[in-house]
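*Asks:* Got a structure for you, written out below as structure tokens; questions coming shortly.
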Amino acid sequence: QFLDDQLRNEASHVIEHYARTTTPYTPIGTEDQQQSFSLWAITTSGSKWMAEYVDGNPFVNVQQMYTRARSSPQGYFTTISVEGVHYRAFYALVPTRRTTYLIRIVHSIDNVQSTLDHLLWTLSIAGLLALALTIALGLWLTTRSVRPMIDAWRRQQQFVADASHELRTPLAIIKTNLEVLLRNPDHTIASEIQFLGNAYEEVNR
């Protein structure tokens with residue numbers, strides 16, 4: 001689209017120049033060696049028409065130019081290939097106060113295509129890098145946000161382990177002393193006061 005707009009604007013500059021003067025046209029800015037034009041003045045009489053060469057490349061098929069330009073009042077774009085080189089071409093019939101001009105402007109698109117391919121490759125690499133960076137950043141943020149929960153879970157597991165260890169010892173002592181009492185059901189409390197005392201101390205602890 002950018003190249004088409006550039007061709008249309010350049011065609012307008014060429015025609016505006018020759019509508020005012022007959023001096024040779026100099027492209028705006030630096031001369032573009034990849035772009036050329038053919039300009040003809042058209043006169044019609046009934047169904048007949050005649051083309052008078054004005055400037056540019058005279059070695060063109062004027063009949064084909066005229067037919068293509070007449071097919072579209074706003075101008076006609078096409079892509080052509082000459083000796084393996086690809087060009088984007090714009091044809092137009094443009095009426096002015098002086099006469100009606102037939103113009104064709106062509107521009108090589110091989111360099112443009114090469115630039116677009118390079119840009120596409122660069123964007124693809126940049127996209128992949130951005131995706132990798134996004135994934136890495138997401139993993140880092142996820143790990144950072146989950147870390148407090150992992151730490152809390154570990155503290156809970158440690159607490160359970162510590163509490164289990166602290167309870168196991170006194171319960172074992174209480175159980176051992178009660179087993180001694182159960183083996184001697186005919187003994188009095190006074191005779192077994194030591195074992196009862198041990199169990200009582202461990203319950204308090």
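By order of appearance in the structure tokens: chains A, B, ..., then residues from 1 within every chain, and ligands from 1 in the order shown.
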Residues near Leu182 in chain A, anyone? I mean within 12 Å using only C-alpha atoms, not counting same-chain ones fewer than 6 positions away, as a PDB file with N, CA, C and O atoms, in the first residue's frame.

*Replies:*
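As a result, result_13.pdb now contains:
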ATOM      1  N   LYS A 175       2.418 -44.773  79.180  1.00  0.00           N
ATOM      2  CA  LYS A 175       1.968 -46.113  78.825  1.00  0.00           C
ATOM      3  C   LYS A 175       2.742 -47.192  79.588  1.00  0.00           C
ATOM      4  O   LYS A 175       2.160 -48.167  80.106  1.00  0.00           O
ATOM      5  N   THR A 176       4.057 -47.008  79.689  1.00  0.00           N
ATOM      6  CA  THR A 176       4.893 -47.997  80.385  1.00  0.00           C
ATOM      7  C   THR A 176       4.498 -48.107  81.857  1.00  0.00           C
ATOM      8  O   THR A 176       4.383 -49.213  82.414  1.00  0.00           O
ATOM      9  N   THR A 188      -1.805 -52.009  96.146  1.00  0.00           N
ATOM     10  CA  THR A 188      -2.482 -50.793  96.601  1.00  0.00           C
ATOM     11  C   THR A 188      -1.856 -49.568  95.937  1.00  0.00           C
ATOM     12  O   THR A 188      -0.761 -49.632  95.359  1.00  0.00           O
ATOM     13  N   GLU A 192       2.200 -48.584  94.682  1.00  0.00           N
ATOM     14  CA  GLU A 192       2.522 -48.259  93.287  1.00  0.00           C
ATOM     15  C   GLU A 192       2.610 -46.748  93.067  1.00  0.00           C
ATOM     16  O   GLU A 192       2.518 -46.270  91.943  1.00  0.00           O
ATOM     17  N   PHE A 195       4.987 -45.346  90.258  1.00  0.00           N
ATOM     18  CA  PHE A 195       4.556 -45.403  88.860  1.00  0.00           C
ATOM     19  C   PHE A 195       3.459 -44.379  88.564  1.00  0.00           C
ATOM     20  O   PHE A 195       3.431 -43.771  87.488  1.00  0.00           O
ATOM     21  N   LEU A 196       2.575 -44.201  89.534  1.00  0.00           N
ATOM     22  CA  LEU A 196       1.529 -43.188  89.374  1.00  0.00           C
ATOM     23  C   LEU A 196       2.149 -41.791  89.333  1.00  0.00           C
ATOM     24  O   LEU A 196       1.716 -40.922  88.569  1.00  0.00           O
TER      25      LEU A 196
END

*Asks:* Pick out each residue of chain A that DSSP on the backbone tags as strand (DSSP E or B); I need them as a VMD selection string.

*Replies:* chain A and resid 35 to 45 48 to 56 76 to 82 85 to 95 100 to 108

*Asks:* If you keep N, CA and C atoms, can you produce a file of those selected residues as a CSV table (one decimal), in the first residue's frame?

*Replies:*
chain,number,residue,atom,x,y,z
A,35,GLN,N,13.1,3.5,-10.1
A,35,GLN,CA,11.8,4.0,-10.5
A,35,GLN,C,11.9,4.7,-11.9
A,36,SER,N,11.0,4.5,-12.8
A,36,SER,CA,11.0,5.2,-14.0
A,36,SER,C,9.6,5.4,-14.5
A,37,PHE,N,9.4,6.4,-15.4
A,37,PHE,CA,8.0,6.7,-15.9
A,37,PHE,C,8.0,6.9,-17.4
A,38,SER,N,6.9,6.7,-17.9
A,38,SER,CA,6.6,7.0,-19.4
A,38,SER,C,5.4,8.0,-19.4
A,39,LEU,N,5.5,9.1,-20.1
A,39,LEU,CA,4.5,10.1,-20.2
A,39,LEU,C,4.1,10.4,-21.6
A,40,TRP,N,2.8,10.4,-21.9
A,40,TRP,CA,2.3,10.6,-23.3
A,40,TRP,C,1.2,11.6,-23.2
A,41,ALA,N,1.0,12.5,-24.1
A,41,ALA,CA,-0.1,13.4,-24.2
A,41,ALA,C,-1.1,12.7,-25.2
A,42,ILE,N,-2.4,12.6,-24.7
A,42,ILE,CA,-3.4,11.9,-25.5
A,42,ILE,C,-4.4,12.9,-26.1
A,43,THR,N,-4.6,12.8,-27.4
A,43,THR,CA,-5.7,13.6,-28.0
A,43,THR,C,-6.7,12.6,-28.7
A,44,THR,N,-7.9,12.9,-28.6
A,44,THR,CA,-9.0,12.0,-29.1
A,44,THR,C,-9.8,12.7,-30.1
A,45,SER,N,-10.3,12.0,-31.1
A,45,SER,CA,-11.2,12.5,-32.1
A,45,SER,C,-12.2,11.4,-32.4
A,48,LYS,N,-11.3,7.6,-32.2
A,48,LYS,CA,-9.8,7.5,-32.4
A,48,LYS,C,-9.1,8.3,-31.4
A,49,TRP,N,-7.9,7.8,-31.1
A,49,TRP,CA,-7.0,8.6,-30.2
A,49,TRP,C,-5.6,8.5,-30.7
A,50,MET,N,-4.8,9.5,-30.3
A,50,MET,CA,-3.4,9.6,-30.7
A,50,MET,C,-2.5,10.0,-29.5
A,51,ALA,N,-1.4,9.3,-29.4
A,51,ALA,CA,-0.5,9.5,-28.2
A,51,ALA,C,0.8,10.3,-28.7
A,52,GLU,N,1.1,11.3,-28.0
A,52,GLU,CA,2.4,12.1,-28.3
A,52,GLU,C,3.3,11.9,-27.2
A,53,TYR,N,4.5,11.4,-27.5
A,53,TYR,CA,5.5,11.2,-26.4
A,53,TYR,C,5.9,12.5,-25.8
A,54,VAL,N,6.0,12.5,-24.4
A,54,VAL,CA,6.4,13.7,-23.7
A,54,VAL,C,7.7,13.5,-23.0
A,55,ASP,N,7.9,12.5,-22.2
A,55,ASP,CA,9.1,12.3,-21.5
A,55,ASP,C,9.1,10.9,-20.9
A,56,GLY,N,10.3,10.5,-20.4
A,56,GLY,CA,10.5,9.2,-19.7
A,56,GLY,C,11.0,8.1,-20.7
A,76,TYR,N,-4.7,2.4,-12.4
A,76,TYR,CA,-4.6,0.9,-12.4
A,76,TYR,C,-3.2,0.5,-11.9
A,77,PHE,N,-3.2,-0.4,-10.9
A,77,PHE,CA,-1.9,-1.0,-10.4
A,77,PHE,C,-1.8,-2.4,-10.9
A,78,THR,N,-0.5,-2.8,-11.2
A,78,THR,CA,-0.3,-4.2,-11.5
A,78,THR,C,1.2,-4.5,-11.2
A,79,THR,N,1.5,-5.8,-11.1
A,79,THR,CA,2.9,-6.2,-10.9
A,79,THR,C,3.4,-6.9,-12.1
A,80,ILE,N,4.5,-6.5,-12.6
A,80,ILE,CA,5.1,-7.0,-13.9
A,80,ILE,C,6.5,-7.6,-13.6
A,81,SER,N,7.0,-8.4,-14.5
A,81,SER,CA,8.3,-9.0,-14.4
A,81,SER,C,9.0,-8.8,-15.7
A,82,VAL,N,10.2,-8.2,-15.6
A,82,VAL,CA,11.0,-7.9,-16.8
A,82,VAL,C,12.4,-8.5,-16.6
A,85,VAL,N,13.3,-9.4,-13.1
A,85,VAL,CA,13.2,-8.3,-12.1
A,85,VAL,C,11.7,-7.9,-12.0
A,86,HIS,N,11.2,-7.9,-10.8
A,86,HIS,CA,9.8,-7.6,-10.5
A,86,HIS,C,9.6,-6.1,-10.3
A,87,TYR,N,8.5,-5.6,-10.9
A,87,TYR,CA,8.2,-4.2,-10.8
A,87,TYR,C,6.7,-4.0,-10.4
A,88,ARG,N,6.4,-3.0,-9.7
A,88,ARG,CA,5.1,-2.5,-9.4
A,88,ARG,C,4.8,-1.4,-10.3
A,89,ALA,N,3.7,-1.4,-11.1
A,89,ALA,CA,3.4,-0.4,-12.1
A,89,ALA,C,2.1,0.2,-11.9
A,90,PHE,N,2.0,1.5,-12.2
A,90,PHE,CA,0.8,2.3,-12.0
A,90,PHE,C,0.5,3.0,-13.4
A,91,TYR,N,-0.7,2.8,-13.9
A,91,TYR,CA,-1.2,3.4,-15.1
A,91,TYR,C,-2.3,4.3,-14.8
A,92,ALA,N,-2.3,5.5,-15.5
A,92,ALA,CA,-3.5,6.4,-15.3
A,92,ALA,C,-3.6,7.3,-16.5
A,93,LEU,N,-4.9,7.7,-16.8
A,93,LEU,CA,-5.2,8.8,-17.7
A,93,LEU,C,-5.6,9.9,-16.8
A,94,VAL,N,-4.9,11.1,-17.0
A,94,VAL,CA,-5.2,12.2,-16.1
A,94,VAL,C,-5.5,13.5,-17.0
A,95,PRO,N,-6.7,14.0,-17.0
A,95,PRO,CA,-7.0,15.2,-17.7
A,95,PRO,C,-6.5,16.4,-17.0
A,100,THR,N,-4.8,15.8,-21.9
A,100,THR,CA,-4.9,14.6,-21.1
A,100,THR,C,-3.7,13.8,-21.2
A,101,TYR,N,-3.1,13.4,-20.0
A,101,TYR,CA,-1.8,12.7,-20.0
A,101,TYR,C,-2.1,11.2,-19.7
A,102,LEU,N,-1.3,10.4,-20.4
A,102,LEU,CA,-1.2,9.0,-20.1
A,102,LEU,C,0.1,8.7,-19.4
A,103,ILE,N,0.1,8.2,-18.3
A,103,ILE,CA,1.3,8.0,-17.5
A,103,ILE,C,1.4,6.5,-17.0
A,104,ARG,N,2.6,6.1,-17.0
A,104,ARG,CA,2.9,4.8,-16.4
A,104,ARG,C,4.2,5.0,-15.5
A,105,ILE,N,4.1,4.6,-14.3
A,105,ILE,CA,5.3,4.7,-13.4
A,105,ILE,C,5.5,3.3,-12.9
A,106,VAL,N,6.8,2.9,-12.9
A,106,VAL,CA,7.2,1.5,-12.4
A,106,VAL,C,8.2,1.7,-11.4
A,107,HIS,N,8.3,0.8,-10.4
A,107,HIS,CA,9.2,0.8,-9.4
A,107,HIS,C,9.6,-0.7,-9.1
A,108,SER,N,10.9,-1.0,-9.0
A,108,SER,CA,11.4,-2.3,-8.6
A,108,SER,C,11.0,-2.7,-7.2

*Asks:* From a DSSP calculation on the backbone, collect every residue of range 28-146 of chain A in helix (DSSP H, G or I) and output the set as a PyMOL selection string.

*Replies:* chain A and resi 62-70+110-146

*Asks:* Just how far from CA of Arg8 in chain A is CA of Gln74 in chain A, in Å to one decimal?

*Replies:* 9.9 Å

*Asks:* For CA of Leu123 in chain A and CA of Phe2 in chain A, determine how far apart the two atoms are, in Å to one decimal place.

*Replies:*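 Taking CA of Leu123 in chain A and CA of Phe2 in chain A, their separation equals 19.0 Å.
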